[in-house]
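Raw start15.cif, mmCIF, C-alpha atoms and all ligand atoms:
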data_final
#
loop_
_atom_site.group_PDB
_atom_site.id
_atom_site.type_symbol
_atom_site.label_atom_id
_atom_site.label_comp_id
_atom_site.auth_asym_id
_atom_site.auth_seq_id
_atom_site.Cartn_x
_atom_site.Cartn_y
_atom_site.Cartn_z
ATOM 1 C CA MET W 1221 -13.347 4.015 -9.778
ATOM 2 C CA LYS W 1222 -10.162 2.789 -8.090
ATOM 3 C CA LEU W 1223 -6.826 1.727 -9.567
ATOM 4 C CA GLN W 1224 -4.981 -1.325 -8.247
ATOM 5 C CA LEU W 1225 -1.350 -1.987 -9.086
ATOM 6 C CA ALA W 1226 -0.654 -5.723 -9.308
ATOM 7 C CA LEU W 1227 2.871 -6.788 -8.407
ATOM 8 C CA ASP W 1228 3.580 -10.302 -9.621
ATOM 9 C CA LEU W 1229 7.120 -10.848 -10.825
ATOM 10 C CA VAL W 1230 9.193 -8.974 -8.260
ATOM 11 C CA ASN W 1231 10.726 -9.598 -4.866
ATOM 12 C CA ILE W 1232 9.842 -7.458 -1.823
ATOM 13 C CA PRO W 1233 12.567 -4.746 -2.129
ATOM 14 C CA ASP W 1234 11.958 -4.320 -5.869
ATOM 15 C CA GLY W 1235 8.205 -4.252 -5.278
ATOM 16 C CA ILE W 1236 8.554 -1.504 -2.676
ATOM 17 C CA ALA W 1237 10.816 0.501 -4.998
ATOM 18 C CA LEU W 1238 8.296 0.108 -7.802
ATOM 19 C CA VAL W 1239 5.395 1.301 -5.658
ATOM 20 C CA ARG W 1240 7.423 4.390 -4.651
ATOM 21 C CA GLU W 1241 7.455 5.409 -8.328
ATOM 22 C CA VAL W 1242 3.664 5.352 -8.662
ATOM 23 C CA GLU W 1243 2.185 5.519 -5.153
ATOM 24 C CA GLN W 1244 0.427 8.850 -5.717
ATOM 25 C CA TYR W 1245 -1.572 7.402 -8.625
ATOM 26 C CA VAL W 1246 -2.807 4.089 -7.194
ATOM 27 C CA ASP W 1247 -5.312 3.194 -4.472
ATOM 28 C CA ILE W 1248 -4.478 -0.454 -3.855
ATOM 29 C CA VAL W 1249 -1.256 -2.457 -4.126
ATOM 30 C CA GLU W 1250 -1.676 -6.141 -4.904
ATOM 31 C CA ILE W 1251 0.786 -8.671 -3.600
ATOM 32 C CA GLY W 1252 0.345 -11.111 -6.470
ATOM 33 C CA THR W 1253 0.097 -14.858 -6.157
ATOM 34 C CA PRO W 1254 3.678 -15.497 -7.368
ATOM 35 C CA ILE W 1255 5.050 -13.184 -4.652
ATOM 36 C CA VAL W 1256 3.014 -14.920 -1.956
ATOM 37 C CA ILE W 1257 4.330 -18.261 -3.224
ATOM 38 C CA ASN W 1258 7.920 -16.991 -3.238
ATOM 39 C CA GLU W 1259 7.939 -14.832 -0.115
ATOM 40 C CA GLY W 1260 4.852 -15.764 1.928
ATOM 41 C CA LEU W 1261 2.547 -13.365 3.759
ATOM 42 C CA HIS W 1262 5.637 -11.536 4.960
ATOM 43 C CA ALA W 1263 5.403 -9.646 1.648
ATOM 44 C CA VAL W 1264 1.969 -8.318 2.614
ATOM 45 C CA ARG W 1265 3.269 -7.161 5.993
ATOM 46 C CA ALA W 1266 6.311 -5.463 4.438
ATOM 47 C CA MET W 1267 4.198 -3.617 1.849
ATOM 48 C CA LYS W 1268 1.667 -2.416 4.432
ATOM 49 C CA GLU W 1269 4.467 -1.186 6.694
ATOM 50 C CA ALA W 1270 6.097 0.669 3.810
ATOM 51 C CA PHE W 1271 2.820 2.216 2.557
ATOM 52 C CA PRO W 1272 0.332 2.417 5.445
ATOM 53 C CA HIS W 1273 -1.779 4.956 3.508
ATOM 54 C CA LEU W 1274 -2.379 2.490 0.649
ATOM 55 C CA GLN W 1275 -4.663 -0.513 0.757
ATOM 56 C CA VAL W 1276 -2.895 -3.838 0.275
ATOM 57 C CA LEU W 1277 -4.559 -6.799 -1.425
ATOM 58 C CA ALA W 1278 -3.274 -10.326 -0.840
ATOM 59 C CA ASP W 1279 -3.928 -12.298 -4.018
ATOM 60 C CA LEU W 1280 -4.159 -15.671 -2.296
ATOM 61 C CA LYS W 1281 -6.809 -17.017 -4.731
ATOM 62 C CA VAL W 1282 -8.266 -18.984 -1.809
ATOM 63 C CA MET W 1283 -9.989 -22.218 -2.868
ATOM 64 C CA ASP W 1284 -10.593 -23.904 0.503
ATOM 65 C CA ALA W 1285 -10.456 -23.110 4.224
ATOM 66 C CA GLY W 1286 -11.680 -19.595 3.513
ATOM 67 C CA GLY W 1287 -11.941 -18.498 7.140
ATOM 68 C CA TYR W 1288 -8.436 -19.653 8.072
ATOM 69 C CA GLU W 1289 -6.718 -18.179 5.023
ATOM 70 C CA VAL W 1290 -8.470 -14.837 5.444
ATOM 71 C CA MET W 1291 -7.552 -14.792 9.137
ATOM 72 C CA LYS W 1292 -3.835 -15.268 8.329
ATOM 73 C CA ALA W 1293 -3.849 -12.625 5.580
ATOM 74 C CA SER W 1294 -5.710 -10.200 7.846
ATOM 75 C CA GLU W 1295 -3.151 -10.723 10.610
ATOM 76 C CA ALA W 1296 -0.429 -9.913 8.077
ATOM 77 C CA GLY W 1297 -2.087 -6.578 7.333
ATOM 78 C CA ALA W 1298 -4.023 -7.257 4.129
ATOM 79 C CA ASP W 1299 -6.994 -4.969 3.561
ATOM 80 C CA LEU W 1300 -8.451 -7.143 0.801
ATOM 81 C CA ILE W 1301 -8.067 -10.868 0.153
ATOM 82 C CA THR W 1302 -8.978 -12.808 -2.993
ATOM 83 C CA VAL W 1303 -11.095 -15.959 -3.015
ATOM 84 C CA LEU W 1304 -11.905 -17.941 -6.155
ATOM 85 C CA GLY W 1305 -15.447 -17.805 -7.489
ATOM 86 C CA ALA W 1306 -15.063 -21.471 -8.469
ATOM 87 C CA SER W 1307 -14.719 -22.499 -4.812
ATOM 88 C CA GLU W 1308 -17.561 -23.849 -2.675
ATOM 89 C CA ASP W 1309 -20.167 -21.455 -1.286
ATOM 90 C CA SER W 1310 -19.111 -22.510 2.226
ATOM 91 C CA THR W 1311 -15.537 -21.401 1.477
ATOM 92 C CA ILE W 1312 -16.726 -17.984 0.329
ATOM 93 C CA ARG W 1313 -19.116 -17.690 3.305
ATOM 94 C CA GLY W 1314 -16.268 -18.500 5.704
ATOM 95 C CA ALA W 1315 -14.018 -15.954 4.026
ATOM 96 C CA VAL W 1316 -16.659 -13.223 4.235
ATOM 97 C CA ALA W 1317 -17.448 -13.980 7.888
ATOM 98 C CA GLU W 1318 -13.762 -13.840 8.853
ATOM 99 C CA ALA W 1319 -13.183 -10.669 6.836
ATOM 100 C CA ARG W 1320 -16.063 -8.970 8.657
ATOM 101 C CA LYS W 1321 -14.442 -9.779 12.040
ATOM 102 C CA HIS W 1322 -11.284 -7.944 10.980
ATOM 103 C CA GLY W 1323 -12.865 -5.130 8.969
ATOM 104 C CA LYS W 1324 -11.387 -6.494 5.728
ATOM 105 C CA SER W 1325 -12.820 -6.985 2.237
ATOM 106 C CA ILE W 1326 -13.207 -10.047 0.021
ATOM 107 C CA LEU W 1327 -12.622 -9.870 -3.717
ATOM 108 C CA VAL W 1328 -13.916 -12.904 -5.559
ATOM 109 C CA ASP W 1329 -11.859 -13.737 -8.652
ATOM 110 C CA MET W 1330 -14.036 -15.310 -11.355
ATOM 111 C CA ILE W 1331 -11.067 -16.748 -13.259
ATOM 112 C CA ALA W 1332 -12.036 -20.007 -15.041
ATOM 113 C CA VAL W 1333 -15.711 -19.757 -14.044
ATOM 114 C CA LYS W 1334 -17.730 -21.040 -17.014
ATOM 115 C CA ASP W 1335 -21.296 -20.018 -16.138
ATOM 116 C CA LEU W 1336 -20.325 -16.443 -15.422
ATOM 117 C CA GLU W 1337 -23.687 -14.722 -14.954
ATOM 118 C CA GLN W 1338 -25.172 -17.513 -12.814
ATOM 119 C CA ARG W 1339 -22.106 -17.756 -10.546
ATOM 120 C CA ALA W 1340 -21.854 -13.959 -10.294
ATOM 121 C CA ARG W 1341 -25.469 -13.838 -9.045
ATOM 122 C CA GLU W 1342 -24.726 -16.574 -6.468
ATOM 123 C CA VAL W 1343 -21.479 -14.999 -5.270
ATOM 124 C CA ASP W 1344 -23.173 -11.609 -5.055
ATOM 125 C CA ALA W 1345 -25.805 -13.108 -2.734
ATOM 126 C CA LEU W 1346 -23.022 -14.385 -0.421
ATOM 127 C CA GLY W 1347 -22.195 -10.803 0.523
ATOM 128 C CA VAL W 1348 -18.741 -10.407 -0.998
ATOM 129 C CA ASP W 1349 -17.275 -6.945 -1.508
ATOM 130 C CA TYR W 1350 -15.950 -7.235 -5.073
ATOM 131 C CA ILE W 1351 -16.577 -9.586 -7.974
ATOM 132 C CA CYS W 1352 -13.690 -9.528 -10.429
ATOM 133 C CA VAL W 1353 -13.626 -10.825 -13.992
ATOM 134 C CA HIS W 1354 -10.118 -11.922 -14.813
ATOM 135 C CA THR W 1355 -8.312 -13.250 -17.847
ATOM 136 C CA GLY W 1356 -5.202 -14.931 -16.475
ATOM 137 C CA TYR W 1357 -1.826 -15.084 -18.148
ATOM 138 C CA ASP W 1358 -2.511 -18.390 -19.908
ATOM 139 C CA LEU W 1359 -5.596 -17.088 -21.728
ATOM 140 C CA GLN W 1360 -4.002 -13.676 -22.306
ATOM 141 C CA ALA W 1361 -1.363 -15.601 -24.259
ATOM 142 C CA GLU W 1362 -4.205 -16.857 -26.471
ATOM 143 C CA GLY W 1363 -5.338 -13.292 -27.144
ATOM 144 C CA GLN W 1364 -8.286 -13.179 -24.746
ATOM 145 C CA ASN W 1365 -9.391 -10.392 -22.406
ATOM 146 C CA ALA W 1366 -12.151 -9.900 -19.829
ATOM 147 C CA PHE W 1367 -13.768 -6.765 -21.220
ATOM 148 C CA ASP W 1368 -16.930 -8.470 -22.459
ATOM 149 C CA ASP W 1369 -17.106 -10.482 -19.216
ATOM 150 C CA LEU W 1370 -17.145 -7.192 -17.315
ATOM 151 C CA ARG W 1371 -20.212 -6.019 -19.244
ATOM 152 C CA ARG W 1372 -21.878 -9.403 -18.577
ATOM 153 C CA ILE W 1373 -21.440 -9.310 -14.802
ATOM 154 C CA LYS W 1374 -22.345 -5.619 -14.612
ATOM 155 C CA ALA W 1375 -25.762 -6.644 -15.941
ATOM 156 C CA VAL W 1376 -26.462 -9.100 -13.083
ATOM 157 C CA VAL W 1377 -24.486 -8.025 -9.986
ATOM 158 C CA LYS W 1378 -26.646 -6.006 -7.583
ATOM 159 C CA GLN W 1379 -24.723 -5.650 -4.285
ATOM 160 C CA ALA W 1380 -21.010 -6.170 -4.832
ATOM 161 C CA LYS W 1381 -18.631 -3.804 -6.534
ATOM 162 C CA THR W 1382 -17.175 -4.995 -9.844
ATOM 163 C CA ALA W 1383 -13.527 -5.297 -10.837
ATOM 164 C CA VAL W 1384 -11.593 -6.321 -13.929
ATOM 165 C CA ALA W 1385 -8.079 -7.720 -14.411
ATOM 166 C CA GLY W 1386 -5.916 -9.281 -17.038
ATOM 167 C CA GLY W 1387 -3.603 -7.633 -19.512
ATOM 168 C CA ILE W 1388 -5.029 -4.111 -19.263
ATOM 169 C CA LYS W 1389 -2.752 -1.546 -20.895
ATOM 170 C CA LEU W 1390 -2.948 2.219 -21.366
ATOM 171 C CA GLY W 1391 -4.299 1.688 -24.893
ATOM 172 C CA THR W 1392 -7.134 -0.581 -23.757
ATOM 173 C CA LEU W 1393 -8.017 1.287 -20.573
ATOM 174 C CA PRO W 1394 -10.608 3.598 -22.230
ATOM 175 C CA GLU W 1395 -12.671 0.546 -23.279
ATOM 176 C CA VAL W 1396 -12.471 -0.804 -19.737
ATOM 177 C CA VAL W 1397 -13.391 2.535 -18.185
ATOM 178 C CA ALA W 1398 -16.401 2.837 -20.514
ATOM 179 C CA ALA W 1399 -17.840 -0.316 -18.913
ATOM 180 C CA GLN W 1400 -17.677 1.430 -15.501
ATOM 181 C CA PRO W 1401 -16.089 -1.118 -13.135
ATOM 182 C CA ASP W 1402 -15.505 0.018 -9.552
ATOM 183 C CA LEU W 1403 -11.921 -1.245 -9.633
ATOM 184 C CA VAL W 1404 -9.389 -1.613 -12.447
ATOM 185 C CA ILE W 1405 -6.441 -3.942 -11.779
ATOM 186 C CA VAL W 1406 -3.258 -3.381 -13.790
ATOM 187 C CA GLY W 1407 -0.013 -5.318 -13.515
ATOM 188 C CA GLY W 1408 2.260 -5.463 -16.542
ATOM 189 C CA GLY W 1409 0.563 -2.419 -18.086
ATOM 190 C CA ILE W 1410 2.346 -0.343 -15.431
ATOM 191 C CA THR W 1411 5.264 -2.474 -14.249
ATOM 192 C CA GLY W 1412 6.405 -3.166 -17.822
ATOM 193 C CA ALA W 1413 6.050 0.415 -19.064
ATOM 194 C CA ASP W 1414 9.141 2.428 -20.025
ATOM 195 C CA ASP W 1415 7.958 5.313 -17.847
ATOM 196 C CA ARG W 1416 5.932 3.775 -15.027
ATOM 197 C CA ALA W 1417 5.078 7.023 -13.269
ATOM 198 C CA ALA W 1418 3.838 8.692 -16.468
ATOM 199 C CA THR W 1419 1.801 5.605 -17.400
ATOM 200 C CA ALA W 1420 0.225 5.349 -13.953
ATOM 201 C CA ALA W 1421 -0.494 9.090 -13.976
ATOM 202 C CA GLU W 1422 -2.262 8.836 -17.335
ATOM 203 C CA MET W 1423 -4.235 5.805 -16.134
ATOM 204 C CA ARG W 1424 -5.264 7.763 -13.032
ATOM 205 C CA ARG W 1425 -6.382 10.653 -15.260
ATOM 206 C CA LEU W 1426 -8.499 8.361 -17.453
ATOM 207 C CA ILE W 1427 -10.064 6.687 -14.429
ATOM 208 C CA SER W 1428 -10.736 9.932 -12.571
ATOM 209 C CA GLY W 1429 -12.411 11.481 -15.613
ATOM 210 C CA ALA W 1430 -14.839 8.581 -15.864
HETATM 211 O O1 LIG X 1501 -3.728 -12.062 -10.819
HETATM 212 C C1 LIG X 1501 -2.955 -11.958 -11.743
HETATM 213 C C2 LIG X 1501 -2.484 -13.145 -12.481
HETATM 214 O O2 LIG X 1501 -3.130 -14.306 -12.034
HETATM 215 C C3 LIG X 1501 -2.447 -10.596 -12.149
HETATM 216 O O3 LIG X 1501 -2.100 -9.883 -11.004
HETATM 217 C C4 LIG X 1501 -3.518 -9.838 -12.901
HETATM 218 O O4 LIG X 1501 -3.817 -10.556 -14.091
HETATM 219 C C5 LIG X 1501 -3.054 -8.434 -13.303
HETATM 220 O O5 LIG X 1501 -1.830 -8.489 -13.976
HETATM 221 P P1 LIG X 1501 -1.690 -8.158 -15.546
HETATM 222 O O6 LIG X 1501 -2.283 -6.776 -15.751
HETATM 223 O O7 LIG X 1501 -0.209 -8.194 -15.795
HETATM 224 O O8 LIG X 1501 -2.468 -9.216 -16.289
#

Take the structure in the file and write it out as structure tokens.
Amino acid sequence: MKLQLALDLVNIPDGIALVREVEQYVDIVEIGTPIVINEGLHAVRAMKEAFPHLQVLADLKVMDAGGYEVMKASEAGADLITVLGASEDSTIRGAVAEARKHGKSILVDMIAVKDLEQRAREVDALGVDYICVHTGYDLQAEGQNAFDDLRRIKAVVKQAKTAVAGGIKLGTLPEVVAAQPDLVIVGGGITGADDRAATAAEMRRLISGA
């Protein structure tokens, strides 16, 4: 089980400083969608240059032109790129084909997908690397989480690895870990903690013991 640190509400220098605090405890650093909007793919390049031993995920949430977007993120140094599960099959196929050319991975974000099991089966058959259940900020604000969704996709996904994101904190991590995803994505649960290093270390311990 891997741990991904999601950086969303920081600029590049602050993001790099934040990763320095926790780099020994995380496997993947996510350049979140707000950073890509604010800074562009330059943020991916800067993070990869600063931490070549870590994997960097570009959270582009691609919805169209999958091949082109994945090509640009790959050129910037991303190891993983996100594509939306709600996009067309042809978009996901194009993203996977381009990722294969560059030795990169595709994580499909199932945010806002209504028929979760059916779409997870279809996306799985398209050869993606990860399928991620995700409760975004707007539904987190309504008290929702993706923990039950994780159990639902675990029951139907055969090939891809599974991932979970959305409001995961130290207190809720044991429930997430019990569902055995391959990847746990944590943003505010680490970046908003009083002691980020201690929180990330404890998360690593919980994940490694699973
Ligand atoms: O993709 C995202 C928002 O769209 C976030 O990166 C993801 O939800 C993880 O952050 P947090 O743990 O703070 O919810």

Between CA of Glu1308 in chain W and CA of Lys1281 in chain W, what is the distance in Å, rounded to a tenth? 12.9 Å

Please write out, as lines of an AutoDock Vina configuration file, where the centre of an axis-aligned box around all listed atoms of range 1299-1310 of chain W lies and how long its edges are, in Å to one decimal, after adding 4 Å on each side.
center_x = -13.6
center_y = -14.4
center_z = -2.5
size_x = 21.2
size_y = 26.9
size_z = 20.0

With the file shown as input, list the residues that the PyMOL selection byres (((not hetatm)) within 10 of (chain X and resi 1501)) selects, as an MDAnalysis selection string. chainID W and resid 1224:1229 1250:1254 1279:1281 1302 1329 1331 1353:1358 1360 1365 1384:1389 1404:1412

With C-alpha atoms retained, write the just-selected residues as a short mmCIF file (atom, residue, chain, number, x, y, z; two decimals), keeping the file's coordinate frame.
data_model
loop_
_atom_site.label_atom_id
_atom_site.label_comp_id
_atom_site.auth_asym_id
_atom_site.auth_seq_id
_atom_site.Cartn_x
_atom_site.Cartn_y
_atom_site.Cartn_z
CA GLN W 1224 -4.98 -1.32 -8.25
CA LEU W 1225 -1.35 -1.99 -9.09
CA ALA W 1226 -0.65 -5.72 -9.31
CA LEU W 1227 2.87 -6.79 -8.41
CA ASP W 1228 3.58 -10.30 -9.62
CA LEU W 1229 7.12 -10.85 -10.82
CA GLU W 1250 -1.68 -6.14 -4.90
CA ILE W 1251 0.79 -8.67 -3.60
CA GLY W 1252 0.34 -11.11 -6.47
CA THR W 1253 0.10 -14.86 -6.16
CA PRO W 1254 3.68 -15.50 -7.37
CA ASP W 1279 -3.93 -12.30 -4.02
CA LEU W 1280 -4.16 -15.67 -2.30
CA LYS W 1281 -6.81 -17.02 -4.73
CA THR W 1302 -8.98 -12.81 -2.99
CA ASP W 1329 -11.86 -13.74 -8.65
CA ILE W 1331 -11.07 -16.75 -13.26
CA VAL W 1353 -13.63 -10.82 -13.99
CA HIS W 1354 -10.12 -11.92 -14.81
CA THR W 1355 -8.31 -13.25 -17.85
CA GLY W 1356 -5.20 -14.93 -16.48
CA TYR W 1357 -1.83 -15.08 -18.15
CA ASP W 1358 -2.51 -18.39 -19.91
CA GLN W 1360 -4.00 -13.68 -22.31
CA ASN W 1365 -9.39 -10.39 -22.41
CA VAL W 1384 -11.59 -6.32 -13.93
CA ALA W 1385 -8.08 -7.72 -14.41
CA GLY W 1386 -5.92 -9.28 -17.04
CA GLY W 1387 -3.60 -7.63 -19.51
CA ILE W 1388 -5.03 -4.11 -19.26
CA LYS W 1389 -2.75 -1.55 -20.90
CA VAL W 1404 -9.39 -1.61 -12.45
CA ILE W 1405 -6.44 -3.94 -11.78
CA VAL W 1406 -3.26 -3.38 -13.79
CA GLY W 1407 -0.01 -5.32 -13.52
CA GLY W 1408 2.26 -5.46 -16.54
CA GLY W 1409 0.56 -2.42 -18.09
CA ILE W 1410 2.35 -0.34 -15.43
CA THR W 1411 5.26 -2.47 -14.25
CA GLY W 1412 6.40 -3.17 -17.82
#

Using all atoms listed in the file, which protein or nucleic acid residues come within 12 Å of Leu1261 in chain W? Drop anything in the same chain fewer than 2 positions from it, and give the result as a PyMOL selection string. chain W and resi 1232+1251-1259+1263-1268+1276-1280+1289-1298+1301

Between CA of Val1396 in chain W and CA of Arg1341 in chain W - distance in Å to one decimal: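 Pair CA of Arg1341 in chain W / CA of Val1396 in chain W returns 21.3 Å.
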
Rank nothing, just name the residue among W:Gly1347, W:Gly1305, W:Pro1233, W:Gly1287 nearest to Ala1270 in chain W, using only C-alpha atoms.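 Closest candidate: W:Pro1233.
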
Residues near Glu1342 in chain W, anyone? I mean within 10 Å using all atoms listed in the file, not counting same-chain ones fewer than 4 positions away, as a ChimeraX atom specification. /W:1305,1309,1336-1338,1346-1347,1377

Selected residue of minimal separation from Ala1319 in chain W among W:Val1348, W:Leu1304, W:Ala1285, W:Ala1420, counting all atoms listed in the file: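 Smallest separation from Ala1319 in chain W among the options: W:Val1348.
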
Rounded to one decimal, what separation in Å do you get between CA of Glu1422 in chain W and CA of Gly1391 in chain W?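 Distance reported for this atom pair: 10.6 Å.
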
Residues in the PyMOL selection byres (((chain W and resi 1326) around 9) and not hetatm), expressed as a PyMOL selection string: chain W and resi 1290+1299-1303+1312+1315-1316+1319+1324-1325+1327-1328+1348-1351

Here's the selection I'm unsure about, the PyMOL selection byres (((chain W and resi 1274) around 9) and not hetatm); applied to the file above, which residues does it give, as an mmCIF file with C-alpha atoms, in the frame of the given file?
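Result file follows (expr.cif):
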data_model
loop_
_atom_site.group_PDB
_atom_site.id
_atom_site.type_symbol
_atom_site.label_atom_id
_atom_site.label_comp_id
_atom_site.auth_asym_id
_atom_site.auth_seq_id
_atom_site.Cartn_x
_atom_site.Cartn_y
_atom_site.Cartn_z
ATOM 1 C CA GLU W 1243 2.185 5.519 -5.153
ATOM 2 C CA VAL W 1246 -2.807 4.089 -7.194
ATOM 3 C CA ASP W 1247 -5.312 3.194 -4.472
ATOM 4 C CA ILE W 1248 -4.478 -0.454 -3.855
ATOM 5 C CA VAL W 1249 -1.256 -2.457 -4.126
ATOM 6 C CA LYS W 1268 1.667 -2.416 4.432
ATOM 7 C CA PHE W 1271 2.820 2.216 2.557
ATOM 8 C CA PRO W 1272 0.332 2.417 5.445
ATOM 9 C CA HIS W 1273 -1.779 4.956 3.508
ATOM 10 C CA GLN W 1275 -4.663 -0.513 0.757
ATOM 11 C CA VAL W 1276 -2.895 -3.838 0.275
#

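With all atoms listed in the file as the atoms that count, the minimum distance from Ala1380 in chain W to the choices W:Ala1413, W:Val1242, W:Ala1345, W:Val1282 is reached by W:Ala1345.
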